[in-house]
file input_24.cif (mmCIF, C-alpha atoms, pLDDT in the B column; chains and numbers go by the auth columns)
data_target
#
loop_
_atom_site.group_PDB
_atom_site.id
_atom_site.type_symbol
_atom_site.label_atom_id
_atom_site.label_comp_id
_atom_site.label_asym_id
_atom_site.label_seq_id
_atom_site.Cartn_x
_atom_site.Cartn_y
_atom_site.Cartn_z
_atom_site.B_iso_or_equiv
_atom_site.auth_seq_id
_atom_site.auth_asym_id
ATOM 1 C CA MET A 1 -69.018 -5.680 101.412 56.00 1 A
ATOM 2 C CA THR A 2 -66.935 -5.554 98.256 62.00 2 A
ATOM 3 C CA LYS A 3 -63.696 -7.428 97.858 62.00 3 A
ATOM 4 C CA ASN A 4 -61.870 -4.060 97.602 68.00 4 A
ATOM 5 C CA LYS A 5 -62.873 -3.324 101.193 77.00 5 A
ATOM 6 C CA ILE A 6 -61.807 -6.780 102.355 88.00 6 A
ATOM 7 C CA LEU A 7 -58.657 -7.212 100.270 92.00 7 A
ATOM 8 C CA ASN A 8 -56.426 -4.407 101.472 95.00 8 A
ATOM 9 C CA PRO A 9 -53.228 -4.488 103.532 97.00 9 A
ATOM 10 C CA VAL A 10 -54.841 -3.277 106.773 96.00 10 A
ATOM 11 C CA THR A 11 -57.634 -5.850 106.680 96.00 11 A
ATOM 12 C CA MET A 12 -55.182 -8.569 105.661 97.00 12 A
ATOM 13 C CA LEU A 13 -52.941 -7.655 108.605 97.00 13 A
ATOM 14 C CA ALA A 14 -55.939 -7.911 110.946 97.00 14 A
ATOM 15 C CA ALA A 15 -56.905 -11.268 109.414 97.00 15 A
ATOM 16 C CA GLY A 16 -53.335 -12.536 109.763 97.00 16 A
ATOM 17 C CA LEU A 17 -53.139 -11.395 113.392 97.00 17 A
ATOM 18 C CA LEU A 18 -56.424 -13.133 114.179 97.00 18 A
ATOM 19 C CA LEU A 19 -55.614 -16.349 112.329 96.00 19 A
ATOM 20 C CA GLY A 20 -52.126 -16.528 113.848 94.00 20 A
ATOM 21 C CA ALA A 21 -53.516 -16.345 117.378 95.00 21 A
ATOM 22 C CA LEU A 22 -56.318 -18.795 116.550 94.00 22 A
ATOM 23 C CA SER A 23 -53.852 -21.185 114.970 92.00 23 A
ATOM 24 C CA ARG A 24 -51.751 -21.293 118.124 91.00 24 A
ATOM 25 C CA ILE A 25 -54.849 -21.674 120.314 92.00 25 A
ATOM 26 C CA PHE A 26 -55.956 -24.555 118.065 91.00 26 A
ATOM 27 C CA ASP A 27 -52.534 -26.141 118.609 86.00 27 A
ATOM 28 C CA ILE A 28 -53.092 -26.002 122.358 86.00 28 A
ATOM 29 C CA TYR A 29 -56.751 -26.969 122.678 88.00 29 A
ATOM 30 C CA THR A 30 -57.824 -28.883 119.561 87.00 30 A
ATOM 31 C CA GLN A 31 -55.512 -31.443 118.061 75.00 31 A
ATOM 32 C CA ASN A 32 -57.275 -31.743 114.680 79.00 32 A
ATOM 33 C CA LEU A 33 -57.584 -28.014 113.989 80.00 33 A
ATOM 34 C CA GLY A 34 -54.095 -27.512 115.400 77.00 34 A
ATOM 35 C CA ASN A 35 -52.718 -30.044 112.934 77.00 35 A
ATOM 36 C CA ILE A 36 -54.507 -28.441 110.008 82.00 36 A
ATOM 37 C CA PHE A 37 -53.477 -24.856 110.787 84.00 37 A
ATOM 38 C CA SER A 38 -49.878 -25.744 111.610 78.00 38 A
ATOM 39 C CA GLN A 39 -49.173 -27.136 108.166 82.00 39 A
ATOM 40 C CA MET A 40 -48.297 -25.349 104.974 85.00 40 A
ATOM 41 C CA ALA A 41 -51.195 -26.517 102.758 90.00 41 A
ATOM 42 C CA ILE A 42 -53.842 -24.389 104.477 92.00 42 A
ATOM 43 C CA TRP A 43 -51.623 -21.301 104.285 92.00 43 A
ATOM 44 C CA ILE A 44 -50.907 -21.971 100.611 94.00 44 A
ATOM 45 C CA LEU A 45 -54.667 -22.185 100.019 97.00 45 A
ATOM 46 C CA LEU A 46 -55.399 -18.974 101.923 97.00 46 A
ATOM 47 C CA GLY A 47 -52.503 -17.137 100.278 97.00 47 A
ATOM 48 C CA THR A 48 -53.617 -18.301 96.846 97.00 48 A
ATOM 49 C CA LEU A 49 -57.175 -17.105 97.488 97.00 49 A
ATOM 50 C CA ILE A 50 -55.965 -13.718 98.714 97.00 50 A
ATOM 51 C CA SER A 51 -53.748 -13.425 95.639 97.00 51 A
ATOM 52 C CA ILE A 52 -56.182 -14.474 92.939 97.00 52 A
ATOM 53 C CA TYR A 53 -58.967 -12.289 94.297 96.00 53 A
ATOM 54 C CA SER A 54 -56.747 -9.199 94.561 96.00 54 A
ATOM 55 C CA GLU A 55 -57.330 -6.749 91.708 94.00 55 A
ATOM 56 C CA THR A 56 -53.736 -6.533 90.491 95.00 56 A
ATOM 57 C CA LYS A 57 -50.416 -8.331 90.943 96.00 57 A
ATOM 58 C CA LYS A 58 -49.160 -5.406 92.996 97.00 58 A
ATOM 59 C CA LYS A 59 -52.198 -5.510 95.284 97.00 59 A
ATOM 60 C CA ALA A 60 -51.782 -9.274 95.678 97.00 60 A
ATOM 61 C CA MET A 61 -48.211 -8.682 96.839 97.00 61 A
ATOM 62 C CA LEU A 62 -49.252 -5.842 99.163 97.00 62 A
ATOM 63 C CA ASN A 63 -52.086 -7.914 100.655 97.00 63 A
ATOM 64 C CA ILE A 64 -50.203 -11.117 101.334 97.00 64 A
ATOM 65 C CA LEU A 65 -47.168 -9.768 103.195 97.00 65 A
ATOM 66 C CA PRO A 66 -49.063 -8.187 106.128 98.00 66 A
ATOM 67 C CA PHE A 67 -51.298 -11.267 106.278 97.00 67 A
ATOM 68 C CA CYS A 68 -48.319 -13.615 106.648 96.00 68 A
ATOM 69 C CA LEU A 69 -46.371 -11.344 109.004 97.00 69 A
ATOM 70 C CA GLY A 70 -49.442 -10.800 111.177 97.00 70 A
ATOM 71 C CA MET A 71 -50.076 -14.523 111.356 95.00 71 A
ATOM 72 C CA LEU A 72 -46.461 -15.197 112.269 94.00 72 A
ATOM 73 C CA PHE A 73 -46.309 -12.464 114.912 95.00 73 A
ATOM 74 C CA THR A 74 -49.396 -13.491 116.871 96.00 74 A
ATOM 75 C CA TYR A 75 -48.746 -17.219 116.511 93.00 75 A
ATOM 76 C CA TYR A 76 -45.390 -16.912 118.266 92.00 76 A
ATOM 77 C CA LEU A 77 -46.610 -14.204 120.653 94.00 77 A
ATOM 78 C CA VAL A 78 -49.308 -16.579 121.899 94.00 78 A
ATOM 79 C CA ALA A 79 -46.708 -19.356 122.044 91.00 79 A
ATOM 80 C CA VAL A 80 -44.510 -17.188 124.295 91.00 80 A
ATOM 81 C CA LEU A 81 -47.441 -16.019 126.451 93.00 81 A
ATOM 82 C CA THR A 82 -48.649 -19.588 126.983 91.00 82 A
ATOM 83 C CA LYS A 83 -45.105 -20.861 127.532 87.00 83 A
ATOM 84 C CA GLY A 84 -45.645 -23.179 124.591 82.00 84 A
ATOM 85 C CA VAL A 85 -43.069 -25.258 122.840 75.00 85 A
ATOM 86 C CA TYR A 86 -41.778 -23.962 119.525 77.00 86 A
ATOM 87 C CA SER A 87 -38.595 -24.389 117.600 82.00 87 A
ATOM 88 C CA ARG A 88 -36.201 -21.799 116.276 87.00 88 A
ATOM 89 C CA SER A 89 -35.982 -23.632 112.937 88.00 89 A
ATOM 90 C CA PHE A 90 -39.778 -23.350 112.501 84.00 90 A
ATOM 91 C CA ILE A 91 -39.633 -19.619 113.281 88.00 91 A
ATOM 92 C CA ILE A 92 -36.894 -19.170 110.685 92.00 92 A
ATOM 93 C CA GLY A 93 -38.719 -21.306 108.116 86.00 93 A
ATOM 94 C CA TRP A 94 -42.042 -19.514 108.517 86.00 94 A
ATOM 95 C CA THR A 95 -40.292 -16.120 108.480 93.00 95 A
ATOM 96 C CA VAL A 96 -38.595 -16.982 105.187 93.00 96 A
ATOM 97 C CA PHE A 97 -41.990 -18.172 103.891 88.00 97 A
ATOM 98 C CA ALA A 98 -43.600 -14.862 104.970 93.00 98 A
ATOM 99 C CA PHE A 99 -40.949 -12.685 103.317 96.00 99 A
ATOM 100 C CA CYS A 100 -41.122 -14.755 100.113 95.00 100 A
ATOM 101 C CA SER A 101 -44.912 -14.548 100.057 96.00 101 A
ATOM 102 C CA PRO A 102 -45.103 -11.381 97.886 97.00 102 A
ATOM 103 C CA VAL A 103 -43.206 -13.163 95.097 97.00 103 A
ATOM 104 C CA MET A 104 -45.460 -16.196 95.477 96.00 104 A
ATOM 105 C CA ALA A 105 -48.528 -13.909 95.439 98.00 105 A
ATOM 106 C CA TYR A 106 -47.312 -12.330 92.202 98.00 106 A
ATOM 107 C CA PHE A 107 -47.235 -15.731 90.505 97.00 107 A
ATOM 108 C CA ALA A 108 -50.428 -16.973 92.172 98.00 108 A
ATOM 109 C CA TRP A 109 -52.268 -13.915 90.822 97.00 109 A
ATOM 110 C CA MET A 110 -51.152 -14.891 87.308 97.00 110 A
ATOM 111 C CA THR A 111 -52.899 -18.291 87.519 97.00 111 A
ATOM 112 C CA LYS A 112 -56.141 -16.658 86.456 96.00 112 A
ATOM 113 C CA GLU A 113 -54.663 -15.288 83.244 95.00 113 A
ATOM 114 C CA ARG A 114 -54.915 -17.083 79.888 94.00 114 A
ATOM 115 C CA GLY A 115 -52.293 -19.333 78.412 95.00 115 A
ATOM 116 C CA VAL A 116 -50.037 -22.247 79.211 97.00 116 A
ATOM 117 C CA PHE A 117 -47.752 -20.454 81.672 97.00 117 A
ATOM 118 C CA PRO A 118 -50.566 -19.750 84.173 97.00 118 A
ATOM 119 C CA LYS A 119 -51.529 -23.441 84.063 97.00 119 A
ATOM 120 C CA ILE A 120 -47.917 -24.419 84.752 97.00 120 A
ATOM 121 C CA ILE A 121 -47.890 -22.038 87.727 98.00 121 A
ATOM 122 C CA SER A 122 -51.166 -23.541 88.969 98.00 122 A
ATOM 123 C CA ALA A 123 -49.749 -27.050 88.725 98.00 123 A
ATOM 124 C CA GLY A 124 -46.620 -25.911 90.569 97.00 124 A
ATOM 125 C CA ILE A 125 -48.642 -24.388 93.414 97.00 125 A
ATOM 126 C CA LEU A 126 -50.687 -27.558 93.754 97.00 126 A
ATOM 127 C CA LEU A 127 -47.573 -29.747 93.601 96.00 127 A
ATOM 128 C CA ILE A 128 -45.840 -27.706 96.310 94.00 128 A
ATOM 129 C CA SER A 129 -48.919 -27.968 98.515 94.00 129 A
ATOM 130 C CA VAL A 130 -49.078 -31.754 98.089 92.00 130 A
ATOM 131 C CA LEU A 131 -45.335 -32.204 98.564 92.00 131 A
ATOM 132 C CA SER A 132 -45.239 -29.971 101.643 87.00 132 A
ATOM 133 C CA SER A 133 -47.805 -32.244 103.293 83.00 133 A
ATOM 134 C CA ALA A 134 -45.970 -35.400 102.300 82.00 134 A
ATOM 135 C CA VAL A 135 -42.374 -34.332 102.892 83.00 135 A
ATOM 136 C CA LEU A 136 -42.479 -31.713 105.652 73.00 136 A
ATOM 137 C CA PHE A 137 -45.456 -32.847 107.700 69.00 137 A
ATOM 138 C CA ASP A 138 -45.589 -36.660 107.460 73.00 138 A
ATOM 139 C CA GLY A 139 -48.790 -36.630 105.395 70.00 139 A
ATOM 140 C CA PRO A 140 -50.835 -36.545 103.373 78.00 140 A
ATOM 141 C CA ARG A 141 -53.833 -36.928 105.649 83.00 141 A
ATOM 142 C CA PHE A 142 -57.530 -36.775 104.817 86.00 142 A
ATOM 143 C CA TYR A 143 -57.717 -33.023 105.393 88.00 143 A
ATOM 144 C CA ASP A 144 -54.706 -32.517 103.082 88.00 144 A
ATOM 145 C CA PHE A 145 -56.721 -34.073 100.249 90.00 145 A
ATOM 146 C CA VAL A 146 -59.648 -31.773 101.053 93.00 146 A
ATOM 147 C CA ILE A 147 -57.443 -28.660 101.188 94.00 147 A
ATOM 148 C CA ASP A 148 -55.641 -29.621 97.968 95.00 148 A
ATOM 149 C CA GLY A 149 -58.966 -30.410 96.277 97.00 149 A
ATOM 150 C CA VAL A 150 -60.263 -26.939 97.158 97.00 150 A
ATOM 151 C CA LEU A 151 -56.963 -25.451 95.965 98.00 151 A
ATOM 152 C CA ALA A 152 -57.242 -27.336 92.651 98.00 152 A
ATOM 153 C CA TYR A 153 -60.813 -26.092 92.207 98.00 153 A
ATOM 154 C CA PHE A 154 -59.802 -22.453 92.649 97.00 154 A
ATOM 155 C CA LEU A 155 -56.676 -22.792 90.524 98.00 155 A
ATOM 156 C CA PHE A 156 -58.108 -24.712 87.586 97.00 156 A
ATOM 157 C CA PHE A 157 -61.886 -24.350 87.521 96.00 157 A
ATOM 158 C CA LYS A 158 -63.136 -21.264 89.376 95.00 158 A
ATOM 159 C CA LYS A 159 -63.432 -18.192 87.176 94.00 159 A
ATOM 160 C CA VAL A 160 -62.346 -14.885 88.703 92.00 160 A
ATOM 161 C CA ARG A 161 -63.523 -11.546 87.383 86.00 161 A
ATOM 162 C CA ARG A 162 -61.070 -8.710 87.456 77.00 162 A
#

call {"tool": "encode", "arguments": {"input": "input_24.cif", "output": "structure tokens"}}
result
Amino acid sequence: MTKNKILNPVTMLAAGLLLGALSRIFDIYTQNLGNIFSQMAIWILLGTLISIYSETKKKAMLNILPFCLGMLFTYYLVAVLTKGVYSRSFIIGWTVFAFCSPVMAYFAWMTKERGVFPKIISAGILLISVLSSAVLFDGPRFYDFVIDGVLAYFLFFKKVRR
């Protein structure tokens, strides 16, 4: 299957819907996976991968929004259906994150271009991922280092053909 067939808005919506539901189920039944998928670093990694492997900046933006909105929708739908605990401030925060994701995807796509500016963007993405773990989620934890290591690999070392 080519990346064109995988990286399109419909498939990204389906992936977001699935991962949102799984993330909430992980919160309920598996503490470790729940912790990982409830924090920003994993979503920054996934969003960065979707963005850099999209063919164009526009496609990166069109792919990431349905992914994030789908994830958000099913995460909170499952929370409501299971009578789970969730906070209004988290819903607002993740909604803002989702609606800002096309702009972030635009810049993430640029990290695979040549020059100094793409490297600055890459460093900024990595810094935000590290800081989100440390400041927002009382980390970093072991898995944060793994996620950020994978993120650094894809941002600074992995070549992407377009």

call {"tool": "residues_around", "arguments": {"input": "input_24.cif", "residues": "Met104 (chain A)", "least_positions_apart": "4", "cutoff": "9 Å", "atoms": "only C-alpha atoms", "output": "PDB file with C-alpha atoms, in the frame of the given file"}}
result
ATOM      1  CA  GLY A  47     -52.503 -17.137 100.278  1.00 97.00           C
ATOM      2  CA  THR A  48     -53.617 -18.301  96.846  1.00 97.00           C
ATOM      3  CA  SER A  51     -53.748 -13.425  95.639  1.00 97.00           C
ATOM      4  CA  MET A  61     -48.211  -8.682  96.839  1.00 97.00           C
ATOM      5  CA  CYS A 100     -41.122 -14.755 100.113  1.00 95.00           C
ATOM      6  CA  ALA A 108     -50.428 -16.973  92.172  1.00 98.00           C
ATOM      7  CA  TRP A 109     -52.268 -13.915  90.822  1.00 97.00           C
TER       8      TRP A 109
END

call {"tool": "closest_residue", "arguments": {"input": "input_24.cif", "among": "A:Leu33, A:Ile125, A:Leu151, A:Leu7", "to": "Glu55 (chain A)", "atoms": "all atoms listed in the file"}}
result
A:Leu7

call {"tool": "atom_distance", "arguments": {"input": "input_24.cif", "atom1": "CA of Ala123 (chain A)", "atom2": "CA of Ile50 (chain A)"}}
result
17.8 Å

call {"tool": "residues_near_point", "arguments": {"input": "input_24.cif", "point": "(-56.4, -14.8, 106.8)", "cutoff": "7 Å", "atoms": "all atoms listed in the file", "output": "PyMOL selection string"}}
result
chain A and resi 12+15-16+19+46+67

call {"tool": "closest_residue", "arguments": {"input": "input_24.cif", "among": "A:Ser23, A:Asn63, A:Thr11, A:Thr30", "to": "Ala105 (chain A)", "atoms": "all atoms listed in the file"}}
result
A:Asn63

call {"tool": "axis_aligned_box", "arguments": {"input": "input_24.cif", "around": "region 86-89 of chain A", "padding_each_side": "8 Å", "output": "AutoDock Vina command-line options"}}
result
--center_x -38.9 --center_y -23.1 --center_z 116.2 --size_x 21.8 --size_y 18.6 --size_z 22.6

call {"tool": "residues_near_point", "arguments": {"input": "input_24.cif", "point": "(-53.8, -23.8, 117.5)", "cutoff": "12 Å", "atoms": "only C-alpha atoms", "output": "MDAnalysis selection string"}}
result
chainID A and resid 18:39 71 74:76 78:79 82 84

call {"tool": "resolve_selection", "arguments": {"input": "input_24.cif", "expression": "the PyMOL selection byres ((chain A and resi 95) around 12)", "output": "PDB file with C-alpha atoms, in the frame of the given file"}}
result
ATOM      1  CA  LEU A  65     -47.168  -9.768 103.195  1.00 97.00           C
ATOM      2  CA  CYS A  68     -48.319 -13.615 106.648  1.00 96.00           C
ATOM      3  CA  LEU A  69     -46.371 -11.344 109.004  1.00 97.00           C
ATOM      4  CA  GLY A  70     -49.442 -10.800 111.177  1.00 97.00           C
ATOM      5  CA  MET A  71     -50.076 -14.523 111.356  1.00 95.00           C
ATOM      6  CA  LEU A  72     -46.461 -15.197 112.269  1.00 94.00           C
ATOM      7  CA  PHE A  73     -46.309 -12.464 114.912  1.00 95.00           C
ATOM      8  CA  TYR A  75     -48.746 -17.219 116.511  1.00 93.00           C
ATOM      9  CA  TYR A  76     -45.390 -16.912 118.266  1.00 92.00           C
ATOM     10  CA  ARG A  88     -36.201 -21.799 116.276  1.00 87.00           C
ATOM     11  CA  SER A  89     -35.982 -23.632 112.937  1.00 88.00           C
ATOM     12  CA  PHE A  90     -39.778 -23.350 112.501  1.00 84.00           C
ATOM     13  CA  ILE A  91     -39.633 -19.619 113.281  1.00 88.00           C
ATOM     14  CA  ILE A  92     -36.894 -19.170 110.685  1.00 92.00           C
ATOM     15  CA  GLY A  93     -38.719 -21.306 108.116  1.00 86.00           C
ATOM     16  CA  TRP A  94     -42.042 -19.514 108.517  1.00 86.00           C
ATOM     17  CA  VAL A  96     -38.595 -16.982 105.187  1.00 93.00           C
ATOM     18  CA  PHE A  97     -41.990 -18.172 103.891  1.00 88.00           C
ATOM     19  CA  ALA A  98     -43.600 -14.862 104.970  1.00 93.00           C
ATOM     20  CA  PHE A  99     -40.949 -12.685 103.317  1.00 96.00           C
ATOM     21  CA  CYS A 100     -41.122 -14.755 100.113  1.00 95.00           C
ATOM     22  CA  SER A 101     -44.912 -14.548 100.057  1.00 96.00           C
TER      23      SER A 101
END

call {"tool": "atom_distance", "arguments": {"input": "input_24.cif", "atom1": "CA of Val160 (chain A)", "atom2": "CA of Arg114 (chain A)"}}
result
11.7 Å

call {"tool": "atom_distance", "arguments": {"input": "input_24.cif", "atom1": "CA of Leu127 (chain A)", "atom2": "CA of Asp148 (chain A)"}}
result
9.2 Å
